[in-house]
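Chemist: Pasting a structure below so you can have a look.
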Amino acid sequence: MSVTIVFLGPLADLANGHELEVAGPLDWAGLLRAVGPDIAREIQADRVNVACGGSVLADKKSLQARDGDEIALLPPVSGG
Amino acid sequence: MSVTIVFLGPLADLANGHELEVAGPLDWAGLLRAVGPDIAREIQADRVNVACGGSVLADKKSLQARDGDEIALLPPVSGG
Amino acid sequence: MKLLCCRRLAVARLTLSTPLDVRVLAKGMSVGEASAAFSAAYPEAGGIVSFLGKVRPGNDVRALELTHYEPLTKSGMDDLARSALERFALDGILAWHRIGVMVPGDAIVLVAAAAPHRRNAFDAADFVMDHLKSAAWFWKRERRAEGWHWIEPREADYQDRQRWERR
Amino acid sequence: MKLLCCRRLAVARLTLSTPLDVRVLAKGMSVGEASAAFSAAYPEAGGIVSFLGKVRPGNDVRALELTHYEPLTKSGMDDLARSALERFALDGILAWHRIGVMVPGDAIVLVAAAAPHRRNAFDAADFVMDHLKSAAWFWKRERRAEGWHWIEPREADYQDRQRWERR
């Protein structure tokens, strides 16, 4: 088991891929290390949301992902 | 030839008919006499418009209908 | 393939005039065909807003009758559609209004506005409806169990229309 | 007779859930059938407002791609539709959104709101669109001659959504 990090929208371009599997558990500091400096810089901005286990985190810095969890990195949306 | 007075909406109920033919020419005072007191009272209210020859009069008291003209008495509308 | 064929058929049966299509209809209203034809007529529009008004079945309403004054109705609706077209920079607009006797569920009015962006399409459909409700040459009455009743616009209808004067 | 038969057919081919019908569609969008079925589903509604968003052909756009995050998208749209239903006292609401690759003229989004009176139907469709534009889990990019470009909401889109917070 591991933690899956999913890159949405333009973050997938920056990450050169849609998903990354890393060993769990994973907290906010661990996530920033796992994704590398470019993505880390992006996701620290207020405009990027983070979901874990299908729920958007009210405070992304409180991330506590366990083995089997999926973390989604959600940049500003644009629909319709 | 004569002047035709057309009663629209609820005014047709009050007039017991949709049209009335009267001798022309006809001015505002003549119109009030021609339609009788009940209709006269109604059409003096601001909320009733008067058209002559296919145009709504900006000032209905300036009415000057000639033989062949059609006068329309237009109570408050309700569409849609 | 089948769907594509049918959509084309629907469009072909109905030719809209562009950019304005205004009609006073004495019977029926082909809402589906009109909507399909309208969307097809403005391929460059990013947003299309439609309003469909129907006779409501409540309040013991058996029938609704709309009368109009022919020398003013169509030209008044043309003026209204033209002013919406200019004011909201539309690609196109459609305004159809029924006259005659209708029963609950029947379509009374169809308005559609096509624009590059949705805000103008929403505002235009809203603007046209607010004016059709209380500033077009129609008179409406309902038949209930005990007879016919003339309907005047609600106070909210007058207020809705006045919104556009303040801007 | 013929029209009646066809309208029923169109409805029969498509069953909407009421009062909410929310879909994330991987391909196609039967706009005409959906609109007919929606109108038939709410015979008591006095007003139905629809918004259809299409891919615009301008700016050298060859294609548009919408991606989403499946664990959040549908449930987020359900919450949005439910809040519109309550806030605007609707008879019913439909919100369909495409994902995947589309070309100019293709439908991206269809929203329909049915209400006793037109004001609530207009506001509800407007409210849902404002939130789908900048507060639903979709990401949009356009392919132009020189490659793909991510599209962020315009400043007007954020302002449109904020209107609903002030009320």
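We label chains A, B, ... in the order they appear in the structure tokens, count residues from 1 in each chain, and number ligands from 1 in the order shown.
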Can you work out which residues from chain C touch chain D at a cut-off of 6 Å (counting only C-alpha atoms) and hand them back as a PDB file with C-alpha atoms, in the first residue's frame?
Modeler:
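Generated output (part_36.pdb):
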```pdb
ATOM      1  CA  PRO C  43     -22.863  28.540 -34.100  1.00  0.00           C
ATOM      2  CA  GLU C  44     -20.528  31.299 -32.908  1.00  0.00           C
ATOM      3  CA  GLY C  46     -20.883  30.806 -26.516  1.00  0.00           C
ATOM      4  CA  GLY C  47     -24.094  31.049 -24.519  1.00  0.00           C
ATOM      5  CA  ILE C  48     -27.786  30.673 -25.254  1.00  0.00           C
ATOM      6  CA  VAL C  49     -30.408  31.499 -22.637  1.00  0.00           C
ATOM      7  CA  SER C  50     -34.013  30.464 -23.208  1.00  0.00           C
ATOM      8  CA  PHE C  51     -37.168  31.251 -21.320  1.00  0.00           C
ATOM      9  CA  LEU C  52     -40.317  29.189 -21.760  1.00  0.00           C
ATOM     10  CA  GLY C  53     -43.502  30.411 -20.096  1.00  0.00           C
ATOM     11  CA  LYS C  54     -46.363  27.956 -19.723  1.00  0.00           C
ATOM     12  CA  ARG C  56     -49.940  27.066 -14.834  1.00  0.00           C
ATOM     13  CA  PRO C  57     -52.552  24.529 -13.762  1.00  0.00           C
ATOM     14  CA  GLY C 105     -49.275  23.183 -19.782  1.00  0.00           C
TER      15      GLY C 105
END
```
Chemist: Pick out each residue of chain D that DSSP on the backbone tags as helix (DSSP H, G or I); I need them as an MDAnalysis selection string.
Modeler: chainID D and resid 2:13 31:41 70:87 118:134 155:166
Chemist: Skip Arg47 in chain A itself and residues of its chain fewer than 3 positions away, then list as an MDAnalysis selection string all residues within 12 Å of it, counting only C-alpha atoms.
Modeler: (chainID A and resid 41:44 50 60 73:77) or (chainID D and resid 134:135 152)
Chemist: For the residues selected in the previous step, produce a file with all heavy atoms as a compact mmCIF listing (two decimals), in the first residue's frame.
Modeler:
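Heads up, here's the output in again10.txt:
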```txt
# COMPACT_ATOMS: atom_id res chain seq x y z
N ARG A 41 6.02 24.80 -4.67
CA ARG A 41 5.79 26.25 -4.69
C ARG A 41 4.34 26.55 -5.09
O ARG A 41 3.67 27.36 -4.46
CB ARG A 41 6.77 26.92 -5.66
CG ARG A 41 6.83 28.43 -5.51
CD ARG A 41 7.86 29.05 -6.47
NE ARG A 41 9.08 28.26 -6.52
CZ ARG A 41 9.52 27.59 -7.61
NH1 ARG A 41 8.84 27.63 -8.74
NH2 ARG A 41 10.64 26.89 -7.56
N GLU A 42 3.87 25.88 -6.12
CA GLU A 42 2.50 26.10 -6.61
C GLU A 42 1.45 25.78 -5.54
O GLU A 42 0.53 26.56 -5.29
CB GLU A 42 2.21 25.21 -7.84
CG GLU A 42 2.90 25.67 -9.11
CD GLU A 42 2.34 26.98 -9.64
OE1 GLU A 42 1.11 27.17 -9.55
OE2 GLU A 42 3.13 27.82 -10.12
N ILE A 43 1.59 24.61 -4.92
CA ILE A 43 0.51 24.16 -4.04
C ILE A 43 0.49 24.89 -2.69
O ILE A 43 -0.47 24.78 -1.94
CB ILE A 43 0.50 22.62 -3.84
CG1 ILE A 43 1.69 22.15 -3.01
CG2 ILE A 43 0.44 21.90 -5.18
CD1 ILE A 43 1.63 20.65 -2.68
N GLN A 44 1.55 25.64 -2.40
CA GLN A 44 1.53 26.43 -1.17
C GLN A 44 0.67 27.69 -1.33
O GLN A 44 0.28 28.31 -0.34
CB GLN A 44 2.95 26.81 -0.76
CG GLN A 44 3.70 25.60 -0.22
CD GLN A 44 5.12 25.95 0.22
OE1 GLN A 44 5.34 26.38 1.35
NE2 GLN A 44 6.06 25.78 -0.68
N VAL A 50 -6.35 21.18 -1.71
CA VAL A 50 -5.89 19.80 -1.58
C VAL A 50 -7.04 18.96 -1.02
O VAL A 50 -7.71 19.35 -0.06
CB VAL A 50 -4.67 19.72 -0.63
CG1 VAL A 50 -4.27 18.26 -0.39
CG2 VAL A 50 -3.50 20.51 -1.22
N LYS A 60 -5.17 22.75 4.40
CA LYS A 60 -4.37 21.71 3.74
C LYS A 60 -3.12 21.34 4.54
O LYS A 60 -2.61 20.22 4.41
CB LYS A 60 -4.03 22.12 2.29
CG LYS A 60 -3.23 23.41 2.13
CD LYS A 60 -3.28 23.86 0.65
CE LYS A 60 -2.60 25.21 0.50
NZ LYS A 60 -2.82 25.80 -0.84
N LEU A 73 -4.32 17.30 -5.89
CA LEU A 73 -3.84 18.69 -5.89
C LEU A 73 -4.67 19.45 -6.91
O LEU A 73 -4.61 19.16 -8.11
CB LEU A 73 -2.35 18.73 -6.23
CG LEU A 73 -1.49 17.81 -5.35
CD1 LEU A 73 -0.01 17.97 -5.72
CD2 LEU A 73 -1.71 18.11 -3.87
N LEU A 74 -5.44 20.44 -6.41
CA LEU A 74 -6.51 21.06 -7.20
C LEU A 74 -6.23 22.54 -7.46
O LEU A 74 -6.51 23.38 -6.61
CB LEU A 74 -7.83 20.93 -6.42
CG LEU A 74 -8.20 19.52 -5.92
CD1 LEU A 74 -9.16 19.58 -4.73
CD2 LEU A 74 -8.78 18.68 -7.03
N PRO A 75 -5.69 22.86 -8.63
CA PRO A 75 -5.45 24.28 -8.94
C PRO A 75 -6.78 24.98 -9.27
O PRO A 75 -7.82 24.34 -9.25
CB PRO A 75 -4.55 24.18 -10.18
CG PRO A 75 -4.94 22.91 -10.84
CD PRO A 75 -5.32 21.96 -9.72
N PRO A 76 -6.75 26.29 -9.52
CA PRO A 76 -7.99 27.02 -9.80
C PRO A 76 -8.79 26.35 -10.91
O PRO A 76 -8.23 26.00 -11.95
CB PRO A 76 -7.50 28.41 -10.22
CG PRO A 76 -6.20 28.57 -9.52
CD PRO A 76 -5.58 27.20 -9.52
N VAL A 77 -10.07 26.20 -10.68
CA VAL A 77 -10.94 25.49 -11.62
C VAL A 77 -11.46 26.42 -12.71
O VAL A 77 -11.40 27.65 -12.59
CB VAL A 77 -12.12 24.84 -10.89
CG1 VAL A 77 -11.64 23.78 -9.93
CG2 VAL A 77 -12.96 25.90 -10.17
N SER D 134 -16.67 28.79 -12.00
CA SER D 134 -15.48 29.07 -11.20
C SER D 134 -15.48 28.37 -9.84
O SER D 134 -14.62 28.65 -9.01
CB SER D 134 -15.32 30.59 -11.00
OG SER D 134 -16.37 31.09 -10.21
N ALA D 135 -16.42 27.45 -9.61
CA ALA D 135 -16.44 26.76 -8.32
C ALA D 135 -16.89 25.30 -8.45
O ALA D 135 -17.47 24.76 -7.53
CB ALA D 135 -17.34 27.50 -7.34
N GLU D 152 -8.21 29.95 -17.41
CA GLU D 152 -8.72 30.23 -16.08
C GLU D 152 -9.96 31.11 -16.20
O GLU D 152 -10.15 31.78 -17.21
CB GLU D 152 -7.66 30.93 -15.23
CG GLU D 152 -6.49 30.00 -14.90
CD GLU D 152 -5.73 30.42 -13.65
OE1 GLU D 152 -6.18 31.35 -12.96
OE2 GLU D 152 -4.68 29.82 -13.38
```
Chemist: Please determine the contact residues of chain B with respect to chain C at a cut-off of 6 Å, counting only C-alpha atoms, and supply them as an NGL selection string.
Modeler: :B and (9 or 54 or 77-80)
Chemist: Report the residues of chain A whose backbone DSSP state falls under strand (DSSP E or B), written as a ChimeraX atom specification.
Modeler: /A:3-7,19-22,26-27,49-52,55-56,64-65,70-74
Chemist: Neighbours of Val101 in chain C within 8 Å (only C-alpha atoms; same-chain residues fewer than 3 positions away dropped), as a PyMOL selection string?
Modeler: chain C and resi 63-66
Chemist: Take CA of Glu155 in chain C and CA of Phe38 in chain D and report the distance between them in Å, one decimal.
Modeler: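 Separating CA of Glu155 in chain C from CA of Phe38 in chain D is a distance of 29.2 Å.
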